[in-house]
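This is target_26.txt. It holds compact mmCIF, N, CA and C atoms.
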```txt
# COMPACT_ATOMS: atom_id res chain seq x y z
N MET A 165 20.93 4.00 16.68
CA MET A 165 20.81 2.58 16.33
C MET A 165 19.34 2.18 16.42
N MET A 166 18.93 1.26 15.58
CA MET A 166 17.53 0.83 15.56
C MET A 166 17.48 -0.69 15.56
N GLY A 167 16.86 -1.28 16.56
CA GLY A 167 16.74 -2.74 16.61
C GLY A 167 18.10 -3.40 16.60
N ASP A 168 18.23 -4.44 15.78
CA ASP A 168 19.51 -5.14 15.71
C ASP A 168 20.35 -4.69 14.53
N LEU A 169 20.03 -3.55 13.94
CA LEU A 169 20.81 -3.02 12.83
C LEU A 169 22.19 -2.65 13.33
N PRO A 170 23.24 -3.22 12.75
CA PRO A 170 24.59 -2.98 13.26
C PRO A 170 25.17 -1.59 12.94
N LEU A 171 24.56 -0.89 12.00
CA LEU A 171 25.08 0.41 11.59
C LEU A 171 24.16 1.55 12.01
N ALA A 172 24.71 2.70 12.17
CA ALA A 172 23.91 3.88 12.54
C ALA A 172 22.99 4.28 11.40
N ILE A 173 21.85 4.84 11.75
CA ILE A 173 20.90 5.37 10.76
C ILE A 173 21.27 6.82 10.49
N VAL A 174 21.40 7.15 9.20
CA VAL A 174 21.81 8.51 8.86
C VAL A 174 20.71 9.31 8.17
N GLY A 175 19.60 8.67 7.85
CA GLY A 175 18.51 9.39 7.20
C GLY A 175 17.31 8.50 6.98
N ASP A 176 16.25 9.10 6.43
CA ASP A 176 15.07 8.31 6.12
C ASP A 176 14.43 8.85 4.84
N GLN A 177 13.53 8.06 4.28
CA GLN A 177 12.83 8.43 3.06
C GLN A 177 11.36 8.04 3.21
N LYS A 178 10.49 8.84 2.67
CA LYS A 178 9.08 8.48 2.58
C LYS A 178 8.74 8.39 1.10
N TRP A 179 8.27 7.24 0.67
CA TRP A 179 7.91 7.01 -0.73
C TRP A 179 6.40 6.98 -0.85
N LEU A 180 5.86 7.61 -1.88
CA LEU A 180 4.43 7.63 -2.13
C LEU A 180 4.15 7.18 -3.57
N TRP A 181 3.14 6.35 -3.74
CA TRP A 181 2.64 6.00 -5.06
C TRP A 181 1.28 6.68 -5.18
N VAL A 182 1.10 7.48 -6.23
CA VAL A 182 -0.08 8.32 -6.36
C VAL A 182 -0.79 7.99 -7.67
N ASP A 183 -2.12 7.92 -7.62
CA ASP A 183 -2.93 7.73 -8.83
C ASP A 183 -2.81 8.98 -9.70
N ALA A 184 -2.40 8.79 -10.94
CA ALA A 184 -2.15 9.93 -11.82
C ALA A 184 -3.42 10.72 -12.15
N GLU A 185 -4.57 10.05 -12.19
CA GLU A 185 -5.81 10.73 -12.55
C GLU A 185 -6.45 11.46 -11.37
N THR A 186 -6.48 10.82 -10.21
CA THR A 186 -7.21 11.39 -9.07
C THR A 186 -6.31 12.07 -8.05
N GLY A 187 -5.02 11.73 -8.05
CA GLY A 187 -4.12 12.27 -7.04
C GLY A 187 -4.18 11.54 -5.71
N ALA A 188 -4.98 10.47 -5.65
CA ALA A 188 -5.12 9.70 -4.41
C ALA A 188 -3.85 8.91 -4.13
N VAL A 189 -3.44 8.87 -2.88
CA VAL A 189 -2.27 8.09 -2.47
C VAL A 189 -2.67 6.61 -2.43
N LEU A 190 -1.95 5.77 -3.18
CA LEU A 190 -2.27 4.35 -3.25
C LEU A 190 -1.41 3.50 -2.32
N ARG A 191 -0.18 3.96 -2.10
CA ARG A 191 0.76 3.18 -1.28
C ARG A 191 1.76 4.15 -0.66
N THR A 192 2.17 3.85 0.56
CA THR A 192 3.17 4.64 1.27
C THR A 192 4.21 3.71 1.86
N GLU A 193 5.47 4.07 1.75
CA GLU A 193 6.55 3.33 2.40
C GLU A 193 7.43 4.30 3.17
N TRP A 194 7.90 3.88 4.32
CA TRP A 194 8.86 4.65 5.09
C TRP A 194 10.12 3.82 5.17
N ARG A 195 11.24 4.37 4.74
CA ARG A 195 12.52 3.66 4.73
C ARG A 195 13.55 4.44 5.52
N TYR A 196 14.49 3.72 6.11
CA TYR A 196 15.61 4.40 6.76
C TYR A 196 16.90 3.99 6.06
N ILE A 197 17.86 4.88 6.09
CA ILE A 197 19.13 4.71 5.39
C ILE A 197 20.23 4.52 6.43
N ASP A 198 21.03 3.44 6.25
CA ASP A 198 22.12 3.22 7.21
C ASP A 198 23.39 3.94 6.75
N ALA A 199 24.45 3.84 7.52
CA ALA A 199 25.70 4.57 7.26
C ALA A 199 26.37 4.16 5.95
N THR A 200 26.02 2.97 5.40
CA THR A 200 26.61 2.55 4.12
C THR A 200 25.79 3.03 2.94
N GLY A 201 24.64 3.67 3.21
CA GLY A 201 23.78 4.16 2.14
C GLY A 201 22.69 3.18 1.74
N GLN A 202 22.62 2.03 2.40
CA GLN A 202 21.58 1.06 2.07
C GLN A 202 20.24 1.49 2.65
N SER A 203 19.20 1.22 1.88
CA SER A 203 17.84 1.56 2.28
C SER A 203 17.17 0.33 2.88
N HIS A 204 16.48 0.50 4.02
CA HIS A 204 15.78 -0.59 4.72
C HIS A 204 14.32 -0.19 4.89
N LEU A 205 13.42 -1.10 4.53
CA LEU A 205 11.99 -0.84 4.68
C LEU A 205 11.62 -0.88 6.16
N ASP A 206 11.02 0.18 6.65
CA ASP A 206 10.55 0.24 8.03
C ASP A 206 9.09 -0.18 8.10
N TRP A 207 8.22 0.44 7.29
CA TRP A 207 6.81 0.04 7.21
C TRP A 207 6.25 0.46 5.88
N GLN A 208 5.15 -0.21 5.50
CA GLN A 208 4.44 0.17 4.29
C GLN A 208 2.94 0.03 4.49
N GLU A 209 2.20 0.76 3.70
CA GLU A 209 0.75 0.76 3.80
C GLU A 209 0.18 0.86 2.40
N GLU A 210 -0.77 -0.01 2.07
CA GLU A 210 -1.44 0.07 0.78
C GLU A 210 -2.89 0.44 1.01
N ILE A 211 -3.42 1.24 0.12
CA ILE A 211 -4.79 1.72 0.26
C ILE A 211 -5.61 1.13 -0.89
N THR A 212 -6.76 0.57 -0.55
CA THR A 212 -7.67 0.04 -1.54
C THR A 212 -8.79 1.05 -1.77
N LEU A 213 -8.97 1.43 -3.02
CA LEU A 213 -10.02 2.38 -3.36
C LEU A 213 -11.29 1.62 -3.71
N LEU A 214 -12.41 2.07 -3.19
CA LEU A 214 -13.69 1.43 -3.43
C LEU A 214 -14.60 2.37 -4.21
N GLU A 215 -15.46 1.76 -4.99
CA GLU A 215 -16.47 2.54 -5.69
C GLU A 215 -17.84 1.99 -5.29
N PHE A 216 -18.73 2.84 -4.83
CA PHE A 216 -20.06 2.41 -4.44
C PHE A 216 -20.99 2.59 -5.64
N VAL A 217 -21.76 1.55 -5.93
CA VAL A 217 -22.68 1.59 -7.07
C VAL A 217 -24.10 1.32 -6.57
N GLU A 218 -25.07 1.79 -7.32
CA GLU A 218 -26.48 1.58 -6.96
C GLU A 218 -26.91 0.14 -7.20
N GLU A 219 -26.43 -0.46 -8.30
CA GLU A 219 -26.80 -1.83 -8.65
C GLU A 219 -25.54 -2.63 -8.93
N LEU A 220 -25.62 -3.93 -8.62
CA LEU A 220 -24.49 -4.81 -8.91
C LEU A 220 -24.40 -5.03 -10.42
N PRO A 221 -23.18 -5.16 -10.96
CA PRO A 221 -23.05 -5.54 -12.36
C PRO A 221 -23.70 -6.92 -12.56
N PRO A 222 -24.28 -7.18 -13.73
CA PRO A 222 -25.02 -8.42 -13.95
C PRO A 222 -24.23 -9.70 -13.63
N ASP A 223 -22.95 -9.74 -14.00
CA ASP A 223 -22.16 -10.96 -13.74
C ASP A 223 -21.95 -11.18 -12.24
N VAL A 224 -21.79 -10.10 -11.48
CA VAL A 224 -21.63 -10.22 -10.04
C VAL A 224 -22.94 -10.65 -9.39
N ALA A 225 -24.05 -10.08 -9.83
CA ALA A 225 -25.36 -10.45 -9.31
C ALA A 225 -25.65 -11.93 -9.56
N ALA A 226 -25.29 -12.43 -10.75
CA ALA A 226 -25.50 -13.84 -11.08
C ALA A 226 -24.68 -14.74 -10.17
N LEU A 227 -23.43 -14.37 -9.90
CA LEU A 227 -22.59 -15.17 -8.99
C LEU A 227 -23.16 -15.18 -7.58
N LEU A 228 -23.66 -14.04 -7.14
CA LEU A 228 -24.23 -13.95 -5.80
C LEU A 228 -25.49 -14.80 -5.69
N GLU A 229 -26.34 -14.72 -6.70
CA GLU A 229 -27.57 -15.53 -6.71
C GLU A 229 -27.23 -17.02 -6.71
N ARG A 230 -26.26 -17.40 -7.51
CA ARG A 230 -25.85 -18.81 -7.58
C ARG A 230 -25.30 -19.28 -6.23
N GLY A 231 -24.51 -18.43 -5.57
CA GLY A 231 -23.95 -18.77 -4.27
C GLY A 231 -25.00 -18.87 -3.19
N MET A 232 -26.03 -18.03 -3.26
CA MET A 232 -27.09 -18.04 -2.26
C MET A 232 -27.99 -19.26 -2.44
N GLY A 233 -28.06 -19.76 -3.68
CA GLY A 233 -28.94 -20.90 -3.96
C GLY A 233 -28.37 -22.22 -3.48
N GLU A 234 -27.06 -22.26 -3.20
CA GLU A 234 -26.43 -23.53 -2.77
C GLU A 234 -26.73 -23.84 -1.33
```
Please lay out the structure from this file as structure tokens.
Amino acid sequence: MMGDLPLAIVGDQKWLWVDAETGAVLRTEWRYIDATGQSHLDWQEEITLLEFVEELPPDVAALLERGMGE
């Protein structure tokens, strides 16, 4: 039994969402299955991918300059 779940847990599942081009994991979910076969979300995690650039794109630089001038 887990928490206040009235039914026994009979299994679990791990779900992954993967970027098709890079193979990077974008999201993970862990679910448990109760005796009726229903799936319950236990936890999830999303990953944000960053790209580092040498220079800011012009539109971003303009917004930053405008914000700094205020």
* Asked: If you count only C-alpha atoms, which residues fall within 9 Å of Ile197 (chain A), apart from same-chain ones fewer than 5 positions away, as a list in words?
  ->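 Non-adjacent residues within range: Ala172, Ile173, Val174, Gly175, Asp176, Gln177, Gln202, Ser203 and His204 of chain A.
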* Asked: DSSP says strand (DSSP E) for which residues of chain A? Put them as a PyMOL selection string?
  -> chain A and resi 173-182+189-198+203-210
* To do: Report the distance between atom N of Arg195 (chain A) and atom C of Trp207 (chain A) in Å, rounded to one decimal place.
  =>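 These atoms are spaced 6.4 Å apart.
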* To do: Give me, please, the distance in Å between atom N of Gly187 (chain A) and atom N of Glu209 (chain A), quoted to one decimal.
  =>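 Rounded to one decimal, the two atoms are 17.6 Å apart.
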* Between atom C of Glu193 (chain A) and atom N of Leu171 (chain A), what is the distance, to one decimal in Å? ->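 A separation of 20.0 Å between them.
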Edge lengths and centre in Å, axis-aligned, region 176-188 of chain A plus 4 Å each side, as AutoDock Vina command-line options:
```
--center_x 4.5 --center_y 9.1 --center_z -3.1 --size_x 31.5 --size_y 14.3 --size_z 27.0
```
* To do: Tell me which of A:Ile211, A:Ala226, A:Leu220, A:Met232 sits closest to Arg191 (chain A), counting all atoms listed in the file.
  => A:Ile211
* Please report, as an MDAnalysis selection string, each residue of chain A to which DSSP assigns helix (DSSP H, G or I) when run on this structure's backbone. => chainID A and resid 222:233
* Determine, counting all atoms listed in the file, every residue of protein, DNA or RNA that lies within 6 Å of (1.8, 2.4, -3.4) in the file coordinates, then give the result as a PyMOL selection string. => chain A and resi 180-182+190-192+210
When you get a chance, write out all heavy atoms for region 187-198 of chain A, as a CSV table (one decimal), in the frame of the given file.
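Below is the file out18.csv, written as the result:
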```
chain,number,residue,atom,x,y,z
A,187,GLY,N,-5.0,11.7,-8.0
A,187,GLY,CA,-4.1,12.3,-7.0
A,187,GLY,C,-4.2,11.5,-5.7
A,187,GLY,O,-3.5,11.9,-4.8
A,188,ALA,N,-5.0,10.5,-5.6
A,188,ALA,CA,-5.1,9.7,-4.4
A,188,ALA,C,-3.8,8.9,-4.1
A,188,ALA,O,-3.2,8.3,-5.0
A,188,ALA,CB,-6.3,8.7,-4.5
A,189,VAL,N,-3.4,8.9,-2.9
A,189,VAL,CA,-2.3,8.1,-2.5
A,189,VAL,C,-2.7,6.6,-2.4
A,189,VAL,O,-3.6,6.2,-1.8
A,189,VAL,CB,-1.7,8.5,-1.1
A,189,VAL,CG1,-0.6,7.7,-0.7
A,189,VAL,CG2,-1.3,10.0,-1.1
A,190,LEU,N,-2.0,5.8,-3.2
A,190,LEU,CA,-2.3,4.4,-3.2
A,190,LEU,C,-1.4,3.5,-2.3
A,190,LEU,O,-1.8,2.5,-1.8
A,190,LEU,CB,-2.1,3.8,-4.7
A,190,LEU,CG,-2.9,4.6,-5.7
A,190,LEU,CD1,-2.6,4.1,-7.1
A,190,LEU,CD2,-4.4,4.4,-5.5
A,191,ARG,N,-0.2,4.0,-2.1
A,191,ARG,CA,0.8,3.2,-1.3
A,191,ARG,C,1.8,4.2,-0.7
A,191,ARG,O,2.2,5.1,-1.3
A,191,ARG,CB,1.5,2.2,-2.2
A,191,ARG,CG,2.4,1.3,-1.4
A,191,ARG,CD,3.0,0.3,-2.4
A,191,ARG,NE,4.1,-0.5,-1.8
A,191,ARG,CZ,4.8,-1.3,-2.4
A,191,ARG,NH1,4.6,-1.6,-3.7
A,191,ARG,NH2,5.8,-1.9,-1.8
A,192,THR,N,2.2,3.8,0.6
A,192,THR,CA,3.2,4.6,1.3
A,192,THR,C,4.2,3.7,1.9
A,192,THR,O,3.9,2.7,2.4
A,192,THR,CB,2.5,5.4,2.4
A,192,THR,OG1,1.5,6.2,1.9
A,192,THR,CG2,3.5,6.3,3.1
A,193,GLU,N,5.5,4.1,1.8
A,193,GLU,CA,6.6,3.3,2.4
A,193,GLU,C,7.4,4.3,3.2
A,193,GLU,O,7.7,5.4,2.7
A,193,GLU,CB,7.5,2.6,1.4
A,193,GLU,CG,6.9,1.4,0.8
A,193,GLU,CD,7.9,0.6,-0.1
A,193,GLU,OE1,9.0,1.1,-0.2
A,193,GLU,OE2,7.4,-0.4,-0.7
A,194,TRP,N,7.9,3.9,4.3
A,194,TRP,CA,8.9,4.6,5.1
A,194,TRP,C,10.1,3.8,5.2
A,194,TRP,O,10.1,2.7,5.6
A,194,TRP,CB,8.3,5.0,6.5
A,194,TRP,CG,9.1,6.1,7.1
A,194,TRP,CD1,10.2,6.0,7.9
A,194,TRP,CD2,8.8,7.5,7.1
A,194,TRP,NE1,10.7,7.2,8.3
A,194,TRP,CE2,9.8,8.1,7.8
A,194,TRP,CE3,7.8,8.2,6.4
A,194,TRP,CZ2,9.8,9.5,7.9
A,194,TRP,CZ3,7.8,9.6,6.6
A,194,TRP,CH2,8.8,10.2,7.3
A,195,ARG,N,11.2,4.4,4.7
A,195,ARG,CA,12.5,3.7,4.7
A,195,ARG,C,13.6,4.4,5.5
A,195,ARG,O,13.5,5.7,5.6
A,195,ARG,CB,13.0,3.5,3.3
A,195,ARG,CG,12.1,2.7,2.4
A,195,ARG,CD,12.6,2.6,1.0
A,195,ARG,NE,11.9,1.5,0.3
A,195,ARG,CZ,12.3,0.2,0.3
A,195,ARG,NH1,13.5,-0.1,0.9
A,195,ARG,NH2,11.7,-0.7,-0.3
A,196,TYR,N,14.5,3.7,6.1
A,196,TYR,CA,15.6,4.4,6.8
A,196,TYR,C,16.9,4.0,6.1
A,196,TYR,O,17.0,2.9,5.5
A,196,TYR,CB,15.7,4.1,8.3
A,196,TYR,CG,15.7,2.7,8.7
A,196,TYR,CD1,16.9,2.0,8.8
A,196,TYR,CD2,14.5,2.0,8.9
A,196,TYR,CE1,16.9,0.7,9.2
A,196,TYR,CE2,14.5,0.7,9.3
A,196,TYR,CZ,15.7,0.0,9.4
A,196,TYR,OH,15.7,-1.3,9.8
A,197,ILE,N,17.9,4.9,6.1
A,197,ILE,CA,19.1,4.7,5.4
A,197,ILE,C,20.2,4.5,6.4
A,197,ILE,O,20.4,5.3,7.4
A,197,ILE,CB,19.5,6.0,4.5
A,197,ILE,CG1,18.3,6.4,3.7
A,197,ILE,CG2,20.7,5.7,3.7
A,197,ILE,CD1,17.7,5.4,2.8
A,198,ASP,N,21.0,3.4,6.2
A,198,ASP,CA,22.1,3.2,7.2
A,198,ASP,C,23.4,3.9,6.8
A,198,ASP,O,23.4,4.6,5.7
A,198,ASP,CB,22.4,1.7,7.5
A,198,ASP,CG,22.9,1.0,6.2
A,198,ASP,OD1,23.5,1.6,5.3
A,198,ASP,OD2,22.7,-0.3,6.2
```
